[in-house]
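S.K.: First the structure, which I've put down as structure tokens, then a few questions once you've had a look.
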Amino acid sequence: MTCTLKVEMQLNGTWTDVTADVMAPFRCMSGIQGTHPTNNRIADIGVCTFDLKNSESNSANTRGYYSPGRTTCRSGFKTNVFVRISFDFLGNNYPKWYGRIAPDGIDVDGGRYGARRTHVTCYDYMYQLSSHYLNLMTYLTNVRGDQVLPYITGNLPYEPLCTDYSEGQSTFATAMDNITSTTSAYQAVNQITVSEFGYCYLTHSKNAWECLRWEDRLYRNNVYVSDSIPQPDSSQGYLLLDGGGRLLLDGGGALLLSQLKLIDLTDTMYDSDPGAGIMFNRIVINFHPKKVDAAATSVLYATNKRLEIAAGTTISGYKIQYKDPDQKAIRTNAIDTSMVEPVKDTDYWMDSVDGSDSKDLSDDLVVTVTYGTADAEYTFQNTGASTGYIYFQARGKGVYDYAVISKIFEDTDYQEDNGTLTLTIDLVYQSDPTTADQFGNLILSQYKRSIFSLNSVSFKTSTSDLTQILLSTDCGSRVNLAEDQSGVSEAFFINGWTIESLENSPNVFKFEWITKRAAYDAQVFAQWDEDEWDGVKGWAP
């Protein structure tokens, strides 16, 4: 059976099938493109690329149909248009990717004798997270990772179509108190995810073309192997009565039993990348205890140079970032709800002479401020008839990250054999030292030895059964893989995937999975039992 690519664009607000004009090469990727224990906890930016026919041979018989600079350009075709990718197979449609044409994602082949193609590059929602810098965030206390994420995505211009957050295992004493004006939403999600030691990526299904999934560190314990596909109706049986007859429905039809067909992926790979697994025999765990002011009296910002403002004008969007008044903290944030409303002649004033501190024009100054946990945004209005010079300051409860505390876990026997191989894990939102013990001993036991594994595997849509299971799996799926040449045979999680067209085979596609040993993620965390902890053996059974 033929597997057919389908490409749709939301042109002028309407989903439009443009598949007839799509040309190879086609390539689409999603998910986490690696297996490092800390660097690969959150998905990379998903990229989809393809070409469009821009000559008279396209569906509109129009040259320049995909040239945004021409009057002949297809209506609605432009950058930032939403795009969705799916595959039609056996009468079903399988959504696989969702995103937008990149801001610079349209490249038209020019010239009189050019190829008459338009090259299109699209990014998924992870690009939105990486390109957006958090603005005026709220200070949070006693929250889990799944409770923090809505504050992050809610700060973006738009949110993902769907979210699926499992309940975090850690409750963080504080959150959003380490961001700065240059912290991207992607960085913030990554910090939360690493501090939980979970995962974050996008999934795609008929129910939701795009769903941002966040996993807690126990989530993968309960993920079952994806190793079966539904049988076609012609191959399924019927529910029978004791006498052998079929059980009929009210409409007269027989009740069909839904049956599944097991698919064995052993040695079905087109290609694989077996190799020695990542190895670390020295684990450094960083955690961040923080100090919070007892009262809202600290001056967290004070302007050094007076701000000039002309008569009858307004200055808006003036942003400041908090600073430690004692200049000792690595980073200073604030409890935004504790910030003091500016008091005239104390927190702000305006002088007719720069630096005089006469405060003679303060009555002509109107100050409006919005506080966040990392910064504040001011608007100043001079209602008077003279140019003024403004002094202002911000007072409130500061949150100070004075120093990182580290704890080291190492196995000297493995260091003698292999040298010292260090992994540093920065648990930004963990402030409890016992968490260092929990994470450090566990991760050392997992990674102190190198285990031969499969880094990635590739398949072709060469059979109906294989095609269906490739289309049915996604990031986070668990699969059993066995490869005879390397001798690897165990369970893996799909961290990320790539789909690409094959030259001269328009209906055959290559699927590549980035695979991580399930043993690294499932059945490794258990409920922490302080009564059983002896500081050495790790997690209590």
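Letters for chains follow the order of the structure tokens (A, B, ...), residue numbers begin at 1 for each chain, and ligand numbers begin at 1 in the order shown.
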Which residues of region 346-463 of chain A come within 12 Å of region 476-499 of chain A, and for each one, what is the closest pair of atoms and their distance in Å to one decimal, counting only C-alpha atoms, sorted by chain and residue number, as JSON lines?
M.R.:
{"residue": "A:Ile451", "atom": "CA", "partner": "A:Val488", "partner_atom": "CA", "distance": 10.0}
{"residue": "A:Phe452", "atom": "CA", "partner": "A:Val488", "partner_atom": "CA", "distance": 7.3}
{"residue": "A:Ser453", "atom": "CA", "partner": "A:Val488", "partner_atom": "CA", "distance": 6.2}
{"residue": "A:Leu454", "atom": "CA", "partner": "A:Val488", "partner_atom": "CA", "distance": 7.2}
{"residue": "A:Asn455", "atom": "CA", "partner": "A:Phe492", "partner_atom": "CA", "distance": 9.8}
{"residue": "A:Ser456", "atom": "CA", "partner": "A:Ile494", "partner_atom": "CA", "distance": 9.0}
{"residue": "A:Val457", "atom": "CA", "partner": "A:Leu481", "partner_atom": "CA", "distance": 9.0}
{"residue": "A:Ser458", "atom": "CA", "partner": "A:Thr498", "partner_atom": "CA", "distance": 9.1}
{"residue": "A:Phe459", "atom": "CA", "partner": "A:Ile499", "partner_atom": "CA", "distance": 9.7}
{"residue": "A:Lys460", "atom": "CA", "partner": "A:Ile499", "partner_atom": "CA", "distance": 9.7}
{"residue": "A:Thr461", "atom": "CA", "partner": "A:Ile499", "partner_atom": "CA", "distance": 10.4}
S.K.: Could you give me, as a PyMOL selection string, each residue of region 463-526 of chain A that DSSP assigns to strand (DSSP E or B) when run on this structure's backbone?
M.R.: chain A and resi 478-483+488-502+505-517
S.K.: Restricting the output to C-alpha atoms, write the selected residues as a PDB file, in the first residue's frame.
M.R.:
ATOM      1  CA  ARG A 478       8.853   2.988  23.882  1.00  0.00           C
ATOM      2  CA  VAL A 479       9.982   0.285  21.442  1.00  0.00           C
ATOM      3  CA  ASN A 480      11.853  -3.017  21.602  1.00  0.00           C
ATOM      4  CA  LEU A 481      14.836  -3.074  19.243  1.00  0.00           C
ATOM      5  CA  ALA A 482      17.170  -5.927  18.392  1.00  0.00           C
ATOM      6  CA  GLU A 483      20.074  -5.636  15.978  1.00  0.00           C
ATOM      7  CA  VAL A 488      21.976  -5.090  21.037  1.00  0.00           C
ATOM      8  CA  SER A 489      18.523  -6.236  22.136  1.00  0.00           C
ATOM      9  CA  GLU A 490      16.538  -4.192  24.643  1.00  0.00           C
ATOM     10  CA  ALA A 491      13.888  -1.503  25.110  1.00  0.00           C
ATOM     11  CA  PHE A 492      14.437   2.087  23.975  1.00  0.00           C
ATOM     12  CA  PHE A 493      12.587   5.387  24.110  1.00  0.00           C
ATOM     13  CA  ILE A 494      12.301   7.477  20.967  1.00  0.00           C
ATOM     14  CA  ASN A 495      13.832  10.809  21.950  1.00  0.00           C
ATOM     15  CA  GLY A 496      13.448  12.369  18.515  1.00  0.00           C
ATOM     16  CA  TRP A 497      12.849  11.495  14.897  1.00  0.00           C
ATOM     17  CA  THR A 498      13.506  12.572  11.325  1.00  0.00           C
ATOM     18  CA  ILE A 499      11.479  11.728   8.207  1.00  0.00           C
ATOM     19  CA  GLU A 500      12.850  12.337   4.753  1.00  0.00           C
ATOM     20  CA  SER A 501      11.954  11.468   1.181  1.00  0.00           C
ATOM     21  CA  LEU A 502      14.097   9.101  -0.840  1.00  0.00           C
ATOM     22  CA  SER A 505      10.973   7.067  -4.677  1.00  0.00           C
ATOM     23  CA  PRO A 506       8.284   9.697  -3.942  1.00  0.00           C
ATOM     24  CA  ASN A 507       6.121   7.365  -1.832  1.00  0.00           C
ATOM     25  CA  VAL A 508       8.896   5.698   0.149  1.00  0.00           C
ATOM     26  CA  PHE A 509      10.244   7.511   3.214  1.00  0.00           C
ATOM     27  CA  LYS A 510      13.146   7.023   5.568  1.00  0.00           C
ATOM     28  CA  PHE A 511      12.400   7.255   9.291  1.00  0.00           C
ATOM     29  CA  GLU A 512      15.263   7.821  11.713  1.00  0.00           C
ATOM     30  CA  TRP A 513      14.775   7.499  15.479  1.00  0.00           C
ATOM     31  CA  ILE A 514      17.132   8.964  18.080  1.00  0.00           C
ATOM     32  CA  THR A 515      17.017   6.192  20.684  1.00  0.00           C
ATOM     33  CA  LYS A 516      17.809   6.191  24.391  1.00  0.00           C
ATOM     34  CA  ARG A 517      18.037   3.066  26.524  1.00  0.00           C
TER      35      ARG A 517
END
S.K.: For Ser316 (chain A), which residue among A:Arg27, A:Ser166, A:Ala173, A:Tyr378 is the nearest when counting only C-alpha atoms?
M.R.: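 Using only C-alpha atoms, Ser316 (chain A) sits closest to A:Tyr378.
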S.K.: Counting only C-alpha atoms, which residues of region 324-343 of chain A fall within 6 Å of region 379-400 of chain A, and what is the closest atom pair for each with its distance in Å at one decimal, ordered by chain and rising number, as a tab-separated table?
M.R.:
residue	atom	partner	partner_atom	distance
A:Ala329	CA	A:Tyr400	CA	5.7
A:Thr332	CA	A:Tyr400	CA	4.8
A:Asn333	CA	A:Val399	CA	5.0
A:Ala334	CA	A:Gly398	CA	4.4
A:Ile335	CA	A:Lys397	CA	5.8
A:Ser338	CA	A:Gly396	CA	5.5
A:Met339	CA	A:Gly396	CA	4.1
A:Val340	CA	A:Arg395	CA	5.6
S.K.: Would you give me, as a Markdown table, each residue of region 97-192 of chain A having an atom within 12 Å of an atom of region 290-309 of chain A, along with its shortest atom pair and that distance in Å to one decimal, using only C-alpha atoms and sorting by chain and residue number?
M.R.:
| residue | atom | partner | partner_atom | distance |
| --- | --- | --- | --- | --- |
| A:Tyr139 | CA | A:Val292 | CA | 11.8 |
| A:Thr141 | CA | A:Val292 | CA | 11.8 |
| A:Phe172 | CA | A:Lys290 | CA | 11.9 |
| A:Ala173 | CA | A:Lys290 | CA | 9.7 |
| A:Thr174 | CA | A:Lys290 | CA | 8.9 |
| A:Ala175 | CA | A:Lys290 | CA | 11.0 |
| A:Asp177 | CA | A:Lys290 | CA | 9.3 |
| A:Asn178 | CA | A:Lys290 | CA | 9.9 |
